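Comments concern the structure below.
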Protein chains: 2
Amino acid sequence: MAGIKDVAAEAGLSVATVSRVLNGHPSVSEDARRRVTEAVERLGYRPNAVARSLRTDQTRTLGLVISDVMNPYFTELARSVEEEARALGYSVIIGNADERPDLQDHHVTTLLDRRIDGLLVSPTDGGSPGMLGAARAGTPMVFVDRWIPGVDVPVVRSDGRAAVRDLVAHLHALGHRRLAIIAGPAATTTGRERVDAFREALAAYGLELPDVYIGQGDFQAGSGRRVTEGFLDLAQPPEVVFAADNLMALGALDAVRARGLRVPDDIGLAAFDDIPWFVHTDPPVTAIAQPVRDLGRAAVRALVDRIEGGPGASVTLPARLVVRRSCGETEPGIGNPPSPVRRSTP
Amino acid sequence: MAGIKDVAAEAGLSVATVSRVLNGHPSVSEDARRRVTEAVERLGYRPNAVARSLRTDQTRTLGLVISDVMNPYFTELARSVEEEARALGYSVIIGNADERPDLQDHHVTTLLDRRIDGLLVSPTDGGSPGMLGAARAGTPMVFVDRWIPGVDVPVVRSDGRAAVRDLVAHLHALGHRRLAIIAGPAATTTGRERVDAFREALAAYGLELPDVYIGQGDFQAGSGRRVTEGFLDLAQPPEVVFAADNLMALGALDAVRARGLRVPDDIGLAAFDDIPWFVHTDPPVTAIAQPVRDLGRAAVRALVDRIEGGPGASVTLPARLVVRRSCGETEPGIGNPPSPVRRSTP
DNA sequence: ATCCTCCGTGTAATCGATTCCACGAGGAGG
DNA sequence: CCTCCTCGTGGAATCGATTACACGGAGGAT
């Protein structure tokens, strides 16, 4: 493949001048600029990004380490991150941690070895050693969705408290009193937070959240299924189950169906994280929607700001409740009109 | 950040020796090896992958350019590709083309500039100039899922012909005769191929595939919706609609519901590409499942083989039909037992 | 004892760019 | 006419690794 030297030879100039033309440096004559441009064209020359990165010590690449690509929430997040990064002239390398701290560490290490300019992380667990080390070493970094308390890194996330209050109000209005939750891992902030928000919202209606109504999940479908089975085995099962993420809600739906029971007649279901498919499940699932697209954008902007020496402020965006039919009919006998598929094209 | 020189100084040896230890070169004394290891440990040294790549002219990185990350089929493909690549000591950079040739070109160019070792592509369209150029220039490359006829690159894909025959047999047994298809873009191989397979399978039962029963879609939900509306407006609408991918099936489901009609009573639905959510839609959707995981694995292996100078053989794997309830009950009155959620954890 | 090997190590070239510094030409000002 | 800038350009150092080649010392063969 042709290098800058070949271009210089072809144009009859030095590599220095060629480089200057390539980088839009002002002090180059019009004639030289033209000759270089033509030589580049003739040779089909493309600068070697590896060499450039070595010299300039910047790769114009961002790393994104997420917990689970197969989760539509993170897929959409990844997409919006890439979009915004591209608009700002950066590439993105995605690492899928699959909720495993060791994999998370692997990706963080690999990305750091490649000298990415900044790191976007949604930490799987309390945080792996490599990641904490990177944060301490001063690698530009921003947490997205989840974060680690006590680590001094900006956080871009969505606050579901208000939406959870709306959800509980909705359930209460429907006459439900025994409400249970399938929690995420206690090691994650989102795991703890959603349980807390739920408990607080219940308290506002004088309702308790007994321990037997708190199931321990891991943000994967399988755990939603197991926890729901446990709830159904109780002497007094809950009237509604609130899953802390969409995959666990899928598992819950599964468990209910396996018993030959029906949603919402036999038991209600609600989920955190809305996804297009919830419109088409049987029944459509009531969910709390995060502004994923905006989260991705804000996260990239905060990170790029840090990279360029700025403070990189934290951002918190509100989530909102989307009522469908999985907790019972709001107006008995009249179904909600079907909502259109929400496709995420800008 | 500490470089190899710092390690050499700390260990009291030359950079050459340090490099040899790092790369497991045999001719290094046990003593030197120990001192280097300790120095590396003390300094928390990590080799600079950028510098290494420049010198060795290999990045141990694969590029994967896919048509649409939000499509669960491609998400799963990306995941299995990354998994297999990691096992083989490679990283993967994913580029999302969003079914746009210009974006596809952007990613191919960026990846090539970064000097990735090989490229995995699922071409969006007839193929963009940059991509064809790369193929001609001899960049190790493998097509996955879709391909471009006439371009000499190995193809790893799934053959749905047999499964489509099974589907038509199933529909015929159910008494359906008027069958329609929502096709993908004619510019993609999968788009054309699925229509052809469908037409052939129909012919085997003496059935026609009239032009009005071929709707032109673009693999996105919106097009599935529009095409289905067209079918429903026909004087004689089809009895079953076969969508050439899962997103268009979602759109079809949408359109049917918007009319207040029901699946499968008023119209049947089947889809190419099975996904976990199809178990939970109303009703569960009959679909043709590709061995996505195996495709990803095979694609990576073929590509790595090419990179290492091998021929990189093409691979074709069979797809299979998964019967659910969206085309009518197989045994009237008795529902299928609910299938467990298919999670893709290895 | 001499010579030849082999082994472990170090010196320096190299990969492909960017960029500091020096240099020559030409113009302005005295 | 001399001096001093400015402008466009080129030479060469540099980024952090890998690796060809050279070299000195130890040990075996003769």
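Order determines the names: the first chain of the structure tokens is A, the second B, and so forth; residues in each chain are numbered 1 upward, and ligands are numbered 1 upward as they are shown.
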
How would chain A read as a CSV table (one decimal) with C-alpha atoms, in the first residue's frame once least-squares superposed on chain B using all paired C-alpha atoms?
```csv
chain,number,residue,atom,x,y,z
A,1,MET,CA,2.5,6.1,30.9
A,2,ALA,CA,5.5,3.8,31.2
A,3,GLY,CA,7.2,2.7,27.9
A,4,ILE,CA,9.5,-0.2,27.1
A,5,LYS,CA,12.5,2.0,27.7
A,6,ASP,CA,11.4,2.6,31.3
A,7,VAL,CA,11.1,-1.1,31.8
A,8,ALA,CA,14.6,-1.7,30.2
A,9,ALA,CA,16.1,0.9,32.6
A,10,GLU,CA,14.3,-0.5,35.6
A,11,ALA,CA,15.5,-4.0,34.8
A,12,GLY,CA,19.0,-2.9,33.8
A,13,LEU,CA,18.7,-4.4,30.4
A,14,SER,CA,18.2,-3.2,26.8
A,15,VAL,CA,14.9,-2.7,25.2
A,16,ALA,CA,15.7,-5.6,22.8
A,17,THR,CA,15.8,-8.0,25.6
A,18,VAL,CA,12.7,-6.7,27.2
A,19,SER,CA,10.9,-7.0,23.9
A,20,ARG,CA,12.1,-10.6,23.6
A,21,VAL,CA,10.8,-11.5,27.0
A,22,LEU,CA,7.5,-9.9,26.3
A,23,ASN,CA,7.1,-11.9,23.1
A,24,GLY,CA,8.3,-15.2,24.6
A,25,HIS,CA,11.4,-15.4,22.4
A,26,PRO,CA,13.4,-18.5,23.4
A,27,SER,CA,16.9,-17.0,23.6
A,28,VAL,CA,16.7,-15.1,26.8
A,29,SER,CA,18.3,-16.2,30.1
A,30,GLU,CA,16.2,-17.2,33.0
A,31,ASP,CA,17.7,-14.3,35.0
A,32,ALA,CA,16.9,-11.7,32.4
A,33,ARG,CA,13.4,-13.0,32.1
A,34,ARG,CA,12.8,-12.7,35.8
A,35,ARG,CA,14.2,-9.2,36.0
A,36,VAL,CA,12.0,-8.0,33.2
A,37,THR,CA,8.9,-9.7,34.6
A,38,GLU,CA,9.5,-7.9,37.9
A,39,ALA,CA,10.1,-4.6,36.3
A,40,VAL,CA,6.9,-4.9,34.3
A,41,GLU,CA,5.1,-5.7,37.4
A,42,ARG,CA,6.5,-2.9,39.4
A,43,LEU,CA,5.8,-0.3,36.7
A,44,GLY,CA,2.4,-1.7,35.7
A,45,TYR,CA,3.7,-1.6,32.2
A,46,ARG,CA,1.4,-2.5,29.3
A,47,PRO,CA,2.8,-2.6,25.8
A,48,ASN,CA,1.5,0.0,23.4
A,49,ALA,CA,-0.6,-1.8,20.8
A,50,VAL,CA,-0.4,1.1,18.4
A,51,ALA,CA,3.4,1.0,18.2
A,52,ARG,CA,3.4,-2.7,18.0
A,53,SER,CA,0.9,-2.7,15.1
A,54,LEU,CA,2.9,-0.1,13.2
A,55,ARG,CA,6.0,-2.2,13.4
A,56,THR,CA,4.5,-5.6,12.8
A,57,ASP,CA,1.9,-4.5,10.3
A,58,GLN,CA,-0.8,-6.4,12.0
A,59,THR,CA,-3.5,-5.2,14.4
A,60,ARG,CA,-5.0,-8.5,15.5
A,61,THR,CA,-8.3,-6.8,14.9
A,62,LEU,CA,-11.2,-7.8,12.7
A,63,GLY,CA,-13.8,-5.4,11.2
A,64,LEU,CA,-17.4,-6.4,11.1
A,65,VAL,CA,-19.8,-4.3,9.0
A,66,ILE,CA,-23.4,-5.2,9.4
A,67,SER,CA,-26.6,-3.8,8.0
A,68,ASP,CA,-28.5,-3.0,11.1
A,69,VAL,CA,-27.5,-3.5,14.7
A,70,MET,CA,-31.0,-3.0,16.0
A,71,ASN,CA,-32.1,-6.1,14.2
A,72,PRO,CA,-31.8,-8.9,16.8
A,73,TYR,CA,-30.5,-11.3,14.1
A,74,PHE,CA,-27.4,-9.1,13.5
A,75,THR,CA,-27.0,-8.4,17.2
A,76,GLU,CA,-26.7,-12.1,17.9
A,77,LEU,CA,-24.4,-12.5,14.9
A,78,ALA,CA,-22.1,-9.7,16.2
A,79,ARG,CA,-22.0,-11.3,19.5
A,80,SER,CA,-21.0,-14.7,18.3
A,81,VAL,CA,-18.4,-13.2,16.0
A,82,GLU,CA,-16.8,-11.3,18.9
A,83,GLU,CA,-16.8,-14.4,21.0
A,84,GLU,CA,-15.1,-16.6,18.4
A,85,ALA,CA,-12.7,-13.8,17.5
A,86,ARG,CA,-11.7,-13.4,21.2
A,87,ALA,CA,-11.1,-17.1,21.5
A,88,LEU,CA,-8.7,-16.8,18.6
A,89,GLY,CA,-6.9,-13.7,20.0
A,90,TYR,CA,-8.6,-11.1,17.9
A,91,SER,CA,-10.6,-8.0,18.7
A,92,VAL,CA,-13.6,-6.9,16.7
A,93,ILE,CA,-14.7,-3.5,15.6
A,94,ILE,CA,-18.3,-3.3,14.6
A,95,GLY,CA,-19.6,-0.9,12.0
A,96,ASN,CA,-23.4,-0.3,11.7
A,97,ALA,CA,-24.4,0.5,8.1
A,98,ASP,CA,-28.1,1.0,8.9
A,99,GLU,CA,-28.9,-0.4,5.4
A,100,ARG,CA,-27.2,2.7,3.9
A,101,PRO,CA,-24.5,2.2,1.3
A,102,ASP,CA,-22.8,5.5,2.2
A,103,LEU,CA,-22.5,4.5,5.8
A,104,GLN,CA,-21.3,1.1,4.8
A,105,ASP,CA,-18.6,2.8,2.8
A,106,HIS,CA,-17.7,5.1,5.7
A,107,HIS,CA,-17.1,2.2,8.0
A,108,VAL,CA,-15.2,0.1,5.5
A,109,THR,CA,-12.9,3.1,4.8
A,110,THR,CA,-12.4,3.8,8.5
A,111,LEU,CA,-11.6,0.2,9.3
A,112,LEU,CA,-9.2,0.0,6.4
A,113,ASP,CA,-7.5,3.2,7.6
A,114,ARG,CA,-7.0,1.5,10.9
A,115,ARG,CA,-5.3,-1.4,9.2
A,116,ILE,CA,-7.6,-4.1,10.5
A,117,ASP,CA,-6.3,-7.5,9.6
A,118,GLY,CA,-9.5,-8.7,7.9
A,119,LEU,CA,-13.1,-7.6,7.1
A,120,LEU,CA,-16.4,-9.4,7.7
A,121,VAL,CA,-19.2,-7.8,5.7
A,122,SER,CA,-22.9,-8.3,5.2
A,123,PRO,CA,-23.2,-6.0,2.2
A,124,THR,CA,-26.2,-3.6,2.4
A,125,ASP,CA,-26.6,-3.1,-1.3
A,126,GLY,CA,-25.1,-4.1,-4.6
A,127,GLY,CA,-22.0,-3.1,-2.7
A,128,SER,CA,-20.4,0.3,-2.3
A,129,PRO,CA,-17.3,1.4,-4.3
A,130,GLY,CA,-15.0,1.3,-1.2
A,131,MET,CA,-16.0,-2.2,-0.3
A,132,LEU,CA,-15.5,-3.5,-3.8
A,133,GLY,CA,-12.1,-1.7,-4.0
A,134,ALA,CA,-11.0,-3.4,-0.8
A,135,ALA,CA,-12.0,-6.8,-2.1
A,136,ARG,CA,-10.1,-6.2,-5.3
A,137,ALA,CA,-7.1,-4.8,-3.4
A,138,GLY,CA,-6.8,-8.2,-1.7
A,139,THR,CA,-7.9,-7.2,1.8
A,140,PRO,CA,-8.7,-10.5,3.6
A,141,MET,CA,-12.5,-10.5,3.5
A,142,VAL,CA,-15.5,-12.8,4.0
A,143,PHE,CA,-19.1,-12.1,3.3
A,144,VAL,CA,-21.6,-13.2,5.9
A,145,ASP,CA,-25.4,-13.7,5.5
A,146,ARG,CA,-25.5,-11.6,2.3
A,147,TRP,CA,-23.0,-11.5,-0.5
A,148,ILE,CA,-22.3,-10.0,-3.8
A,149,PRO,CA,-22.3,-12.2,-6.9
A,150,GLY,CA,-19.3,-12.0,-9.1
A,151,VAL,CA,-17.0,-10.9,-6.3
A,152,ASP,CA,-14.4,-13.5,-5.4
A,153,VAL,CA,-14.8,-13.6,-1.6
A,154,PRO,CA,-15.8,-16.6,0.5
A,155,VAL,CA,-19.4,-16.5,1.7
A,156,VAL,CA,-20.7,-17.8,5.0
A,157,ARG,CA,-24.4,-18.1,5.0
A,158,SER,CA,-27.5,-20.1,5.8
A,159,ASP,CA,-29.6,-21.8,3.1
A,160,GLY,CA,-33.3,-21.3,3.8
A,161,ARG,CA,-34.6,-23.3,0.7
A,162,ALA,CA,-35.4,-26.5,2.6
A,163,ALA,CA,-37.0,-24.6,5.5
A,164,VAL,CA,-39.1,-22.5,3.1
A,165,ARG,CA,-40.3,-25.7,1.5
A,166,ASP,CA,-41.2,-27.0,5.0
A,167,LEU,CA,-43.1,-23.8,5.7
A,168,VAL,CA,-45.1,-24.0,2.5
A,169,ALA,CA,-45.9,-27.6,3.2
A,170,HIS,CA,-47.1,-26.5,6.7
A,171,LEU,CA,-49.2,-23.8,5.2
A,172,HIS,CA,-50.6,-26.0,2.6
A,173,ALA,CA,-51.5,-28.7,5.1
A,174,LEU,CA,-53.4,-26.0,7.1
A,175,GLY,CA,-55.5,-25.4,4.0
A,176,HIS,CA,-54.0,-22.0,3.0
A,177,ARG,CA,-53.7,-21.4,-0.8
A,178,ARG,CA,-53.3,-17.7,-1.3
A,179,LEU,CA,-49.8,-17.0,0.0
A,180,ALA,CA,-48.0,-13.6,-0.2
A,181,ILE,CA,-44.5,-12.5,0.6
A,182,ILE,CA,-43.0,-9.2,1.9
A,183,ALA,CA,-39.6,-9.3,0.1
A,184,GLY,CA,-36.4,-7.7,1.0
A,185,PRO,CA,-34.5,-5.2,-1.2
A,186,ALA,CA,-33.9,-6.8,-4.6
A,187,ALA,CA,-30.3,-5.5,-4.4
A,188,THR,CA,-29.5,-7.9,-1.6
A,189,THR,CA,-29.0,-11.6,-2.2
A,190,THR,CA,-31.1,-12.6,0.8
A,191,GLY,CA,-33.8,-10.3,-0.6
A,192,ARG,CA,-34.0,-12.1,-4.0
A,193,GLU,CA,-33.2,-15.6,-2.7
A,194,ARG,CA,-36.1,-15.8,-0.3
A,195,VAL,CA,-38.6,-14.8,-2.9
A,196,ASP,CA,-37.2,-17.4,-5.3
A,197,ALA,CA,-37.3,-20.1,-2.7
A,198,PHE,CA,-40.8,-19.2,-1.8
A,199,ARG,CA,-42.0,-19.2,-5.5
A,200,GLU,CA,-40.3,-22.6,-6.1
A,201,ALA,CA,-41.9,-24.2,-3.0
A,202,LEU,CA,-45.3,-22.9,-4.1
A,203,ALA,CA,-44.8,-24.3,-7.6
A,204,ALA,CA,-44.2,-27.7,-6.0
A,205,TYR,CA,-47.9,-27.5,-4.8
A,206,GLY,CA,-49.1,-26.1,-8.1
A,207,LEU,CA,-49.5,-22.7,-6.5
A,208,GLU,CA,-48.7,-19.4,-8.2
A,209,LEU,CA,-47.0,-16.3,-6.7
A,210,PRO,CA,-48.8,-13.5,-8.5
A,211,ASP,CA,-47.1,-10.1,-8.6
A,212,VAL,CA,-49.7,-8.5,-6.4
A,213,TYR,CA,-48.7,-10.9,-3.7
A,214,ILE,CA,-45.1,-9.8,-3.8
A,215,GLY,CA,-44.6,-6.7,-1.7
A,216,GLN,CA,-41.4,-4.7,-1.8
A,217,GLY,CA,-39.9,-4.1,1.6
A,218,ASP,CA,-36.5,-2.9,2.9
A,219,PHE,CA,-36.0,-5.1,5.9
A,220,GLN,CA,-37.3,-2.4,8.2
A,221,ALA,CA,-40.5,-2.5,10.3
A,222,GLY,CA,-42.1,0.4,8.5
A,223,SER,CA,-42.0,-1.3,5.1
A,224,GLY,CA,-43.6,-4.4,6.5
A,225,ARG,CA,-46.4,-2.3,7.8
A,226,ARG,CA,-47.0,-0.5,4.5
A,227,VAL,CA,-46.8,-3.6,2.4
A,228,THR,CA,-49.2,-5.5,4.7
A,229,GLU,CA,-51.7,-2.6,4.4
A,230,GLY,CA,-51.5,-2.9,0.7
A,231,PHE,CA,-52.2,-6.7,0.9
A,232,LEU,CA,-55.2,-6.0,3.1
A,233,ASP,CA,-56.6,-3.5,0.7
A,234,LEU,CA,-56.7,-6.1,-2.1
A,235,ALA,CA,-60.0,-7.3,-3.3
A,236,GLN,CA,-58.8,-10.8,-2.5
A,237,PRO,CA,-56.2,-10.5,0.3
A,238,PRO,CA,-53.8,-13.3,0.9
A,239,GLU,CA,-54.5,-15.9,3.6
A,240,VAL,CA,-50.9,-15.9,4.9
A,241,VAL,CA,-48.2,-13.3,4.7
A,242,PHE,CA,-44.6,-14.4,4.8
A,243,ALA,CA,-42.1,-11.7,5.9
A,244,ALA,CA,-38.5,-12.0,4.7
A,245,ASP,CA,-37.1,-10.8,8.0
A,246,ASN,CA,-38.2,-10.3,11.6
A,247,LEU,CA,-38.5,-6.5,11.6
A,248,MET,CA,-40.9,-6.6,8.6
A,249,ALA,CA,-42.9,-9.2,10.4
A,250,LEU,CA,-43.2,-6.9,13.4
A,251,GLY,CA,-44.5,-4.2,11.0
A,252,ALA,CA,-47.0,-6.6,9.5
A,253,LEU,CA,-48.3,-7.6,13.0
A,254,ASP,CA,-48.7,-3.9,13.6
A,255,ALA,CA,-50.7,-3.3,10.4
A,256,VAL,CA,-53.0,-6.2,11.0
A,257,ARG,CA,-53.7,-5.1,14.6
A,258,ALA,CA,-54.3,-1.5,13.4
A,259,ARG,CA,-57.2,-2.8,11.2
A,260,GLY,CA,-58.7,-4.5,14.2
A,261,LEU,CA,-58.0,-7.9,12.6
A,262,ARG,CA,-56.5,-10.9,14.3
A,263,VAL,CA,-53.7,-13.3,13.6
A,264,PRO,CA,-54.1,-16.1,12.6
A,265,ASP,CA,-57.9,-16.0,12.4
A,266,ASP,CA,-58.1,-13.2,9.8
A,267,ILE,CA,-54.7,-13.6,8.3
A,268,GLY,CA,-51.7,-15.8,8.9
A,269,LEU,CA,-48.1,-14.6,9.4
A,270,ALA,CA,-44.7,-16.3,9.1
A,271,ALA,CA,-41.2,-14.8,9.3
A,272,PHE,CA,-37.7,-15.4,8.2
A,273,ASP,CA,-35.2,-15.1,11.1
A,274,ASP,CA,-36.4,-16.4,14.5
A,275,ILE,CA,-35.9,-14.3,17.6
A,276,PRO,CA,-36.6,-14.9,21.3
A,277,TRP,CA,-39.5,-12.4,21.3
A,278,PHE,CA,-41.5,-14.4,18.7
A,279,VAL,CA,-42.4,-16.8,21.5
A,280,HIS,CA,-44.1,-14.0,23.4
A,281,THR,CA,-45.9,-12.1,20.7
A,282,ASP,CA,-49.6,-12.3,20.2
A,283,PRO,CA,-49.8,-14.9,18.8
A,284,PRO,CA,-46.4,-16.6,18.9
A,285,VAL,CA,-44.9,-16.3,15.4
A,286,THR,CA,-44.0,-19.2,13.2
A,287,ALA,CA,-40.5,-18.5,11.8
A,288,ILE,CA,-37.5,-19.9,10.0
A,289,ALA,CA,-34.5,-20.0,12.3
A,290,GLN,CA,-30.9,-19.6,11.1
A,291,PRO,CA,-28.0,-21.1,13.1
A,292,VAL,CA,-26.7,-17.7,13.9
A,293,ARG,CA,-24.2,-18.7,16.4
A,294,ASP,CA,-22.6,-21.2,14.1
A,295,LEU,CA,-22.6,-18.7,11.2
A,296,GLY,CA,-20.7,-16.2,13.3
A,297,ARG,CA,-18.2,-18.8,14.3
A,298,ALA,CA,-17.7,-20.2,10.8
A,299,ALA,CA,-17.3,-16.7,9.4
A,300,VAL,CA,-14.5,-15.8,11.8
A,301,ARG,CA,-12.7,-19.0,11.2
A,302,ALA,CA,-12.9,-18.6,7.4
A,303,LEU,CA,-11.6,-15.0,7.8
A,304,VAL,CA,-8.8,-15.9,10.1
A,305,ASP,CA,-7.8,-18.7,7.7
A,306,ARG,CA,-7.6,-16.2,4.9
A,307,ILE,CA,-5.6,-13.8,7.0
A,308,GLU,CA,-3.1,-16.5,7.7
A,309,GLY,CA,-2.8,-17.2,4.0
A,310,GLY,CA,-5.3,-20.1,3.7
A,311,PRO,CA,-8.1,-20.3,1.1
A,312,GLY,CA,-10.9,-19.4,3.5
A,313,ALA,CA,-13.6,-21.8,2.3
A,314,SER,CA,-17.3,-20.8,1.9
A,315,VAL,CA,-19.8,-22.4,4.3
A,316,THR,CA,-23.5,-22.9,3.9
A,317,LEU,CA,-25.6,-24.0,6.9
A,318,PRO,CA,-29.2,-25.1,6.8
A,319,ALA,CA,-32.0,-23.1,8.4
A,320,ARG,CA,-35.0,-24.8,10.0
A,321,LEU,CA,-38.7,-24.2,10.5
A,322,VAL,CA,-40.1,-23.4,13.9
A,323,VAL,CA,-43.8,-23.8,13.9
A,324,ARG,CA,-45.8,-21.7,16.4
A,325,ARG,CA,-49.4,-20.5,16.1
A,326,SER,CA,-49.4,-17.5,13.8
A,327,CYS,CA,-50.6,-19.5,10.8
A,328,GLY,CA,-53.4,-21.4,12.5
A,329,GLU,CA,-53.6,-24.3,14.8
A,330,THR,CA,-51.9,-27.5,13.7
A,331,GLU,CA,-54.1,-29.6,16.0
A,332,PRO,CA,-57.3,-27.6,16.4
A,333,GLY,CA,-58.2,-26.7,19.9
A,334,ILE,CA,-54.9,-27.8,21.4
A,335,GLY,CA,-52.3,-25.1,21.8
A,336,ASN,CA,-48.6,-25.9,21.5
A,337,PRO,CA,-46.8,-26.1,24.8
A,338,PRO,CA,-45.0,-22.8,25.5
A,339,SER,CA,-41.4,-23.0,24.4
A,340,PRO,CA,-38.7,-21.8,26.8
A,341,VAL,CA,-36.9,-18.5,26.0
A,342,ARG,CA,-33.9,-19.3,23.9
A,343,ARG,CA,-31.1,-17.4,25.5
A,344,SER,CA,-27.8,-17.4,23.7
A,345,THR,CA,-25.4,-18.2,26.4
A,346,PRO,CA,-22.8,-20.8,25.4
```

Let's see if you can do this: from backbone DSSP, list all strand (DSSP E) residues in range 249-324 of chain A, as a count of residues only. 16

As a PyMOL selection string, could you give me every residue of chain C near chain B (at most 7 Å apart, counting only C-alpha atoms (C1' of nucleotides))? chain C and resi 8+10+15

Print the selection's residues with N, CA and C atoms (P, O5', C5', C4', C3', O3' and C1' of nucleotides) to a file, as a compact mmCIF listing (two decimals), in the first residue's frame.
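Result file follows (again.txt):
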```txt
# COMPACT_ATOMS: atom_id res chain seq x y z
P DG C 8 20.48 -19.02 26.13
O5' DG C 8 20.84 -17.50 26.46
C5' DG C 8 21.77 -17.22 27.49
C4' DG C 8 22.19 -15.77 27.38
C3' DG C 8 21.03 -14.77 27.45
O3' DG C 8 21.32 -13.87 28.51
C1' DG C 8 22.44 -14.32 25.58
P DG C 10 21.37 -6.28 27.69
O5' DG C 10 22.05 -5.56 26.45
C5' DG C 10 23.47 -5.41 26.41
C4' DG C 10 23.89 -4.76 25.11
C3' DG C 10 23.16 -3.45 24.79
O3' DG C 10 24.10 -2.51 24.30
C1' DG C 10 22.89 -4.98 23.00
P DC C 15 11.03 0.70 6.52
O5' DC C 15 9.55 0.68 7.10
C5' DC C 15 8.95 -0.53 7.54
C4' DC C 15 7.80 -0.21 8.46
C3' DC C 15 7.05 1.05 8.05
O3' DC C 15 5.91 0.68 7.30
C1' DC C 15 7.46 0.96 10.42
```

Alpha helix (DSSP H) residues, from DSSP on the backbone, in range 10-59 of chain A, as a PyMOL selection string: chain A and resi 10-11+15-22+30-43+49-56

Within 10 Å of chain A, which residues of chain D show up when using only C-alpha atoms (C1' of nucleotides), listed as a PyMOL selection string? chain D and resi 7-11+14-16

Next, write the just-selected residues to a file, as a PDB file, in the first residue's frame, keeping C-alpha atoms (C1' of nucleotides) as the atom set.
```pdb
ATOM      1  C1'  DC D   7       6.767  32.581   3.497  1.00  0.00           C
ATOM      2  C1'  DG D   8       7.220  28.110   1.546  1.00  0.00           C
ATOM      3  C1'  DT D   9       9.872  24.232   1.876  1.00  0.00           C
ATOM      4  C1'  DG D  10      12.968  20.371   3.274  1.00  0.00           C
ATOM      5  C1'  DG D  11      15.922  17.684   6.634  1.00  0.00           C
ATOM      6  C1'  DT D  14      10.404  11.518  17.196  1.00  0.00           C
ATOM      7  C1'  DC D  15       6.497   8.344  18.812  1.00  0.00           C
ATOM      8  C1'  DG D  16       7.164   2.912  21.046  1.00  0.00           C
TER       9       DG D  16
END
```

Which residues come within 12 Å of DA26 in chain D, counting only C-alpha atoms (C1' of nucleotides), excluding same-chain residues fewer than 5 positions away, as a ChimeraX atom specification? /C:5-8

Mind checking which residues fall within 10 Å of DG30 in chain C, counting only C-alpha atoms (C1' of nucleotides), ignoring those fewer than 2 positions away in the same chain, and posting them as an mmCIF file with C-alpha atoms (C1' of nucleotides), in the first residue's frame?
```
data_model
loop_
_atom_site.group_PDB
_atom_site.id
_atom_site.type_symbol
_atom_site.label_atom_id
_atom_site.label_comp_id
_atom_site.auth_asym_id
_atom_site.auth_seq_id
_atom_site.Cartn_x
_atom_site.Cartn_y
_atom_site.Cartn_z
ATOM 1 C "C1'" DA C 28 9.807 46.074 2.694
ATOM 2 C "C1'" DC D 2 22.091 46.270 3.693
ATOM 3 C "C1'" DT D 3 19.137 44.336 7.159
#
```
